[in-house]
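As provided, upload_4.cif (mmCIF, N, CA and C atoms and all ligand atoms) reads as follows.
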data_model
loop_
_atom_site.label_atom_id
_atom_site.label_comp_id
_atom_site.auth_asym_id
_atom_site.auth_seq_id
_atom_site.Cartn_x
_atom_site.Cartn_y
_atom_site.Cartn_z
N MET A 1 220.31 68.76 52.03
CA MET A 1 219.05 69.31 51.54
C MET A 1 218.01 68.20 51.40
N PRO A 2 216.83 68.42 51.93
CA PRO A 2 215.77 67.42 51.80
C PRO A 2 215.24 67.36 50.38
N ASP A 3 214.84 66.18 49.99
CA ASP A 3 214.26 66.02 48.65
C ASP A 3 212.80 66.42 48.68
N GLN A 4 212.61 67.68 48.93
CA GLN A 4 211.26 68.19 49.10
C GLN A 4 210.79 68.83 47.81
N ILE A 5 209.61 68.45 47.38
CA ILE A 5 209.06 69.01 46.16
C ILE A 5 208.17 70.20 46.50
N GLU A 6 208.54 71.33 45.97
CA GLU A 6 207.77 72.53 46.23
C GLU A 6 206.91 72.85 45.02
N THR A 7 205.69 73.25 45.28
CA THR A 7 204.80 73.60 44.18
C THR A 7 204.30 75.02 44.33
N CYS A 8 204.04 75.63 43.18
CA CYS A 8 203.53 76.99 43.17
C CYS A 8 202.05 76.97 43.54
N PRO A 9 201.64 77.88 44.46
CA PRO A 9 200.25 77.92 44.88
C PRO A 9 199.34 78.53 43.82
N LEU A 10 199.94 79.11 42.78
CA LEU A 10 199.15 79.82 41.77
C LEU A 10 198.98 79.03 40.49
N CYS A 11 199.85 78.06 40.28
CA CYS A 11 199.75 77.26 39.06
C CYS A 11 200.32 75.88 39.34
N ALA A 12 200.55 75.14 38.30
CA ALA A 12 201.01 73.76 38.46
C ALA A 12 202.52 73.65 38.44
N PHE A 13 203.20 74.78 38.59
CA PHE A 13 204.65 74.76 38.54
C PHE A 13 205.22 73.98 39.72
N VAL A 14 206.20 73.16 39.44
CA VAL A 14 206.87 72.40 40.49
C VAL A 14 208.35 72.72 40.47
N GLY A 15 208.85 73.18 41.61
CA GLY A 15 210.26 73.53 41.68
C GLY A 15 211.04 72.53 42.50
N GLU A 16 212.35 72.63 42.39
CA GLU A 16 213.20 71.69 43.13
C GLU A 16 213.37 72.12 44.57
N SER A 17 213.14 73.41 44.80
CA SER A 17 213.30 73.91 46.16
C SER A 17 212.36 75.08 46.40
N GLU A 18 212.28 75.49 47.65
CA GLU A 18 211.40 76.60 47.99
C GLU A 18 211.86 77.87 47.27
N THR A 19 213.15 78.03 47.19
CA THR A 19 213.71 79.20 46.51
C THR A 19 213.36 79.18 45.04
N ASP A 20 213.35 77.99 44.47
CA ASP A 20 213.02 77.83 43.07
C ASP A 20 211.61 78.30 42.79
N VAL A 21 210.69 77.87 43.64
CA VAL A 21 209.29 78.28 43.50
C VAL A 21 209.14 79.76 43.77
N TYR A 22 209.86 80.24 44.77
CA TYR A 22 209.80 81.66 45.12
C TYR A 22 210.20 82.52 43.93
N THR A 23 211.26 82.13 43.29
CA THR A 23 211.73 82.86 42.12
C THR A 23 210.71 82.78 40.99
N HIS A 24 210.12 81.62 40.84
CA HIS A 24 209.10 81.43 39.81
C HIS A 24 207.91 82.36 40.05
N VAL A 25 207.46 82.42 41.28
CA VAL A 25 206.30 83.26 41.61
C VAL A 25 206.60 84.72 41.33
N LEU A 26 207.78 85.16 41.72
CA LEU A 26 208.15 86.56 41.53
C LEU A 26 208.27 86.93 40.07
N THR A 27 208.69 85.99 39.26
CA THR A 27 208.94 86.29 37.86
C THR A 27 207.76 85.96 36.95
N SER A 28 206.88 85.08 37.42
CA SER A 28 205.81 84.61 36.55
C SER A 28 204.43 85.12 36.93
N HIS A 29 204.30 85.60 38.16
CA HIS A 29 202.99 86.04 38.60
C HIS A 29 203.01 87.48 39.08
N ARG A 30 201.88 88.11 38.93
CA ARG A 30 201.77 89.48 39.42
C ARG A 30 201.58 89.48 40.94
N LYS A 31 201.91 90.58 41.52
CA LYS A 31 201.79 90.69 42.98
C LYS A 31 200.34 90.51 43.42
N GLN A 32 199.42 90.97 42.57
CA GLN A 32 198.01 90.85 42.92
C GLN A 32 197.61 89.37 43.03
N ALA A 33 198.08 88.60 42.07
CA ALA A 33 197.76 87.18 42.09
C ALA A 33 198.38 86.51 43.31
N ILE A 34 199.57 86.95 43.67
CA ILE A 34 200.25 86.39 44.84
C ILE A 34 199.46 86.71 46.10
N ALA A 35 199.01 87.95 46.20
CA ALA A 35 198.25 88.38 47.37
C ALA A 35 196.94 87.59 47.46
N GLU A 36 196.29 87.41 46.34
CA GLU A 36 195.04 86.67 46.33
C GLU A 36 195.26 85.22 46.77
N ALA A 37 196.35 84.65 46.32
CA ALA A 37 196.66 83.28 46.68
C ALA A 37 196.94 83.17 48.17
N LEU A 38 197.65 84.16 48.70
CA LEU A 38 197.96 84.14 50.12
C LEU A 38 196.69 84.27 50.94
N LEU A 39 195.79 85.13 50.49
CA LEU A 39 194.52 85.31 51.20
C LEU A 39 193.69 84.05 51.14
N GLU A 40 193.82 83.36 50.00
CA GLU A 40 193.04 82.14 49.82
C GLU A 40 193.55 81.03 50.74
N ARG A 41 194.87 80.99 50.88
CA ARG A 41 195.47 79.96 51.71
C ARG A 41 195.31 80.29 53.19
N ARG A 42 195.31 81.58 53.47
CA ARG A 42 195.22 81.99 54.88
C ARG A 42 194.10 83.02 55.01
N PRO A 43 192.86 82.57 54.99
CA PRO A 43 191.73 83.48 54.99
C PRO A 43 191.69 84.34 56.24
N VAL A 44 191.22 85.54 56.03
CA VAL A 44 191.11 86.47 57.15
C VAL A 44 189.96 86.08 58.05
N GLN A 45 190.27 85.93 59.30
CA GLN A 45 189.23 85.58 60.25
C GLN A 45 188.99 86.76 61.19
N LEU A 46 187.81 87.28 61.08
CA LEU A 46 187.47 88.43 61.91
C LEU A 46 187.15 87.99 63.34
N ALA A 47 187.82 88.65 64.26
CA ALA A 47 187.57 88.33 65.68
C ALA A 47 186.28 88.99 66.15
N ARG A 48 185.52 88.23 66.84
CA ARG A 48 184.26 88.79 67.35
C ARG A 48 184.36 89.06 68.84
ZN ZN A 101 203.16 79.63 39.34
#
If you took the structure in this file and wrote it as structure tokens, what would it be?
Amino acid sequence: MPDQIETCPLCAFVGESETDVYTHVLTSHRKQAIAEALLERRPVQLAR
């Protein structure tokens, strides 16, 4: 396992692994906040 530090995109939480952060997000944040964070990280680009 790589010594990779994973951080929560919604707060300053730092987990030991991606799964750790994933669990944190699911238990600590609402789905709406998660969706907003995802949209923020990956903005919708309208094709012209
Ligand atoms: Zn968080």
Neighbourhood of ligand ZN 101 (chain A) at 6.5 Å, counting all atoms listed in the file, reported as a VMD selection string: chain A and resid 8 to 13 24 to 25 28 to 29
Please return, as a PDB file with N, CA and C atoms, keeping the file's coordinate frame, all residues of chain A that DSSP assigns to helix (DSSP H, G or I) on the basis of the backbone.
ATOM      1  N   GLU A  18     212.280  75.490  47.650  1.00  0.00           N
ATOM      2  CA  GLU A  18     211.400  76.600  47.990  1.00  0.00           C
ATOM      3  C   GLU A  18     211.860  77.870  47.270  1.00  0.00           C
ATOM      4  N   THR A  19     213.150  78.030  47.190  1.00  0.00           N
ATOM      5  CA  THR A  19     213.710  79.200  46.510  1.00  0.00           C
ATOM      6  C   THR A  19     213.360  79.180  45.040  1.00  0.00           C
ATOM      7  N   ASP A  20     213.350  77.990  44.470  1.00  0.00           N
ATOM      8  CA  ASP A  20     213.020  77.830  43.070  1.00  0.00           C
ATOM      9  C   ASP A  20     211.610  78.300  42.790  1.00  0.00           C
ATOM     10  N   VAL A  21     210.690  77.870  43.640  1.00  0.00           N
ATOM     11  CA  VAL A  21     209.290  78.280  43.500  1.00  0.00           C
ATOM     12  C   VAL A  21     209.140  79.760  43.770  1.00  0.00           C
ATOM     13  N   TYR A  22     209.860  80.240  44.770  1.00  0.00           N
ATOM     14  CA  TYR A  22     209.800  81.660  45.120  1.00  0.00           C
ATOM     15  C   TYR A  22     210.200  82.520  43.930  1.00  0.00           C
ATOM     16  N   THR A  23     211.260  82.130  43.290  1.00  0.00           N
ATOM     17  CA  THR A  23     211.730  82.860  42.120  1.00  0.00           C
ATOM     18  C   THR A  23     210.710  82.780  40.990  1.00  0.00           C
ATOM     19  N   HIS A  24     210.120  81.620  40.840  1.00  0.00           N
ATOM     20  CA  HIS A  24     209.100  81.430  39.810  1.00  0.00           C
ATOM     21  C   HIS A  24     207.910  82.360  40.050  1.00  0.00           C
ATOM     22  N   VAL A  25     207.460  82.420  41.280  1.00  0.00           N
ATOM     23  CA  VAL A  25     206.300  83.260  41.610  1.00  0.00           C
ATOM     24  C   VAL A  25     206.600  84.720  41.330  1.00  0.00           C
ATOM     25  N   LEU A  26     207.780  85.160  41.720  1.00  0.00           N
ATOM     26  CA  LEU A  26     208.150  86.560  41.530  1.00  0.00           C
ATOM     27  C   LEU A  26     208.270  86.930  40.070  1.00  0.00           C
ATOM     28  N   THR A  27     208.690  85.990  39.260  1.00  0.00           N
ATOM     29  CA  THR A  27     208.940  86.290  37.860  1.00  0.00           C
ATOM     30  C   THR A  27     207.760  85.960  36.950  1.00  0.00           C
ATOM     31  N   SER A  28     206.880  85.080  37.420  1.00  0.00           N
ATOM     32  CA  SER A  28     205.810  84.610  36.550  1.00  0.00           C
ATOM     33  C   SER A  28     204.430  85.120  36.930  1.00  0.00           C
ATOM     34  N   LYS A  31     201.910  90.580  41.520  1.00  0.00           N
ATOM     35  CA  LYS A  31     201.790  90.690  42.980  1.00  0.00           C
ATOM     36  C   LYS A  31     200.340  90.510  43.420  1.00  0.00           C
ATOM     37  N   GLN A  32     199.420  90.970  42.570  1.00  0.00           N
ATOM     38  CA  GLN A  32     198.010  90.850  42.920  1.00  0.00           C
ATOM     39  C   GLN A  32     197.610  89.370  43.030  1.00  0.00           C
ATOM     40  N   ALA A  33     198.080  88.600  42.070  1.00  0.00           N
ATOM     41  CA  ALA A  33     197.760  87.180  42.090  1.00  0.00           C
ATOM     42  C   ALA A  33     198.380  86.510  43.310  1.00  0.00           C
ATOM     43  N   ILE A  34     199.570  86.950  43.670  1.00  0.00           N
ATOM     44  CA  ILE A  34     200.250  86.390  44.840  1.00  0.00           C
ATOM     45  C   ILE A  34     199.460  86.710  46.100  1.00  0.00           C
ATOM     46  N   ALA A  35     199.010  87.950  46.200  1.00  0.00           N
ATOM     47  CA  ALA A  35     198.250  88.380  47.370  1.00  0.00           C
ATOM     48  C   ALA A  35     196.940  87.590  47.460  1.00  0.00           C
ATOM     49  N   GLU A  36     196.290  87.410  46.340  1.00  0.00           N
ATOM     50  CA  GLU A  36     195.040  86.670  46.330  1.00  0.00           C
ATOM     51  C   GLU A  36     195.260  85.220  46.770  1.00  0.00           C
ATOM     52  N   ALA A  37     196.350  84.650  46.320  1.00  0.00           N
ATOM     53  CA  ALA A  37     196.660  83.280  46.680  1.00  0.00           C
ATOM     54  C   ALA A  37     196.940  83.170  48.170  1.00  0.00           C
ATOM     55  N   LEU A  38     197.650  84.160  48.700  1.00  0.00           N
ATOM     56  CA  LEU A  38     197.960  84.140  50.120  1.00  0.00           C
ATOM     57  C   LEU A  38     196.690  84.270  50.940  1.00  0.00           C
ATOM     58  N   LEU A  39     195.790  85.130  50.490  1.00  0.00           N
ATOM     59  CA  LEU A  39     194.520  85.310  51.200  1.00  0.00           C
ATOM     60  C   LEU A  39     193.690  84.050  51.140  1.00  0.00           C
ATOM     61  N   GLU A  40     193.820  83.360  50.000  1.00  0.00           N
ATOM     62  CA  GLU A  40     193.040  82.140  49.820  1.00  0.00           C
ATOM     63  C   GLU A  40     193.550  81.030  50.740  1.00  0.00           C
ATOM     64  N   ARG A  41     194.870  80.990  50.880  1.00  0.00           N
ATOM     65  CA  ARG A  41     195.470  79.960  51.710  1.00  0.00           C
ATOM     66  C   ARG A  41     195.310  80.290  53.190  1.00  0.00           C
TER      67      ARG A  41
END
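What separates atom C of Ile5 in chain A from atom C of Val21 in chain A is a distance of 10.0 Å.
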Those in chain A with strand (DSSP E or B) from DSSP, as a PyMOL selection string: chain A and resi 6-7+14-15
Taking N, CA and C atoms for each residue, export the selection above as a PDB file, in the coordinates of the input.
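Result file is out.pdb:
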ATOM      1  N   GLU A   6     208.540  71.330  45.970  1.00  0.00           N
ATOM      2  CA  GLU A   6     207.770  72.530  46.230  1.00  0.00           C
ATOM      3  C   GLU A   6     206.910  72.850  45.020  1.00  0.00           C
ATOM      4  N   THR A   7     205.690  73.250  45.280  1.00  0.00           N
ATOM      5  CA  THR A   7     204.800  73.600  44.180  1.00  0.00           C
ATOM      6  C   THR A   7     204.300  75.020  44.330  1.00  0.00           C
ATOM      7  N   VAL A  14     206.200  73.160  39.440  1.00  0.00           N
ATOM      8  CA  VAL A  14     206.870  72.400  40.490  1.00  0.00           C
ATOM      9  C   VAL A  14     208.350  72.720  40.470  1.00  0.00           C
ATOM     10  N   GLY A  15     208.850  73.180  41.610  1.00  0.00           N
ATOM     11  CA  GLY A  15     210.260  73.530  41.680  1.00  0.00           C
ATOM     12  C   GLY A  15     211.040  72.530  42.500  1.00  0.00           C
TER      13      GLY A  15
END
Å distance separating atom N of Glu6 in chain A from CA of Thr19 in chain A, one decimal place: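 Calculated distance between atom N of Glu6 in chain A and CA of Thr19 in chain A is 9.4 Å.
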CA of Val14 in chain A to CA of Leu26 in chain A, straight-line distance in Å: 14.3 Å
